[in-house]
Amino acid sequence: MRRLKRMAAVLMGASLVMGGALIVGDARAGEADVVDVVTSKSGDHRYDFGVTVRHADDGWKHYADGWDVLGPDRAVLGTRKLWHPHVDEQPFTRSLSGVAIPDGVKSVIIRAHDSVHGHGGAEFTVTLPAQ
């Protein structure tokens, strides 16, 4: 009987570890964070953005797959789709050019997106250059 109880305890422990690994494996990369933004004016009410994202991409099932430029009202003004994981390139910077910004908007919010969590990581607010 003692041997049976010990075996059950070992199996339960192994099950918990395996279950924990599965849970961690599904979400271990966490959410995508915007860590830096560079912007420049490219025309009348148009701006270019260079956005640096950090995310522990772990392959095609969980990776940072895009970022958005949001107005102060959180309306999406532009979206940069990322088509593949950046497992060995962290953090990484990608650009989006010619984003139309409504008259009177002085700053925008940049938020990243990943294929598992969606939005939710660190956002970055940037003041738009006047020139």
# chains A, B, ... in the order shown; residues from 1 in each chain; ligands from 1
>>> residues_around(residues="Ser42 of chain A", least_positions_apart="4", cutoff="8 Å", atoms="only C-alpha atoms", output="ChimeraX atom specification")
/A:46-48,97-98
>>> residues_around(residues="Ala130 of chain A", least_positions_apart="3", cutoff="12 Å", atoms="only C-alpha atoms", output="PyMOL selection string")
chain A and resi 39-47+103-107+127
>>> closest_residue(among="A:Ala32, A:Val37, A:Leu77, A:Ile110", to="Tyr63 of chain A", atoms="only C-alpha atoms")
A:Ala32
>>> atom_distance(atom1="atom CA of Val99 of chain A", atom2="atom CA of Thr125 of chain A")
15.6 Å
>>> residues_around(residues="Phe49 of chain A", least_positions_apart="2", cutoff="6 Å", atoms="only C-alpha atoms", output="PDB file with N, CA and C atoms, in the first residue's frame")
ATOM      1  N   VAL A  38      10.897  55.717 -33.249  1.00  0.00           N
ATOM      2  CA  VAL A  38      11.490  56.878 -33.912  1.00  0.00           C
ATOM      3  C   VAL A  38      10.499  57.288 -34.990  1.00  0.00           C
ATOM      4  N   THR A  39      10.204  58.577 -35.059  1.00  0.00           N
ATOM      5  CA  THR A  39       9.248  59.046 -36.061  1.00  0.00           C
ATOM      6  C   THR A  39       9.766  60.294 -36.754  1.00  0.00           C
ATOM      7  N   SER A  95       9.674  49.203 -39.837  1.00  0.00           N
ATOM      8  CA  SER A  95       9.143  50.536 -40.138  1.00  0.00           C
ATOM      9  C   SER A  95       7.800  50.475 -40.846  1.00  0.00           C
ATOM     10  N   LEU A  96       7.131  51.596 -40.791  1.00  0.00           N
ATOM     11  CA  LEU A  96       5.880  51.821 -41.511  1.00  0.00           C
ATOM     12  C   LEU A  96       5.915  53.268 -41.975  1.00  0.00           C
TER      13      LEU A  96
END
>>> closest_residue(among="A:Leu128, A:Ala100, A:Val116, A:Val108", to="Gly66 of chain A", atoms="only C-alpha atoms")
A:Val116
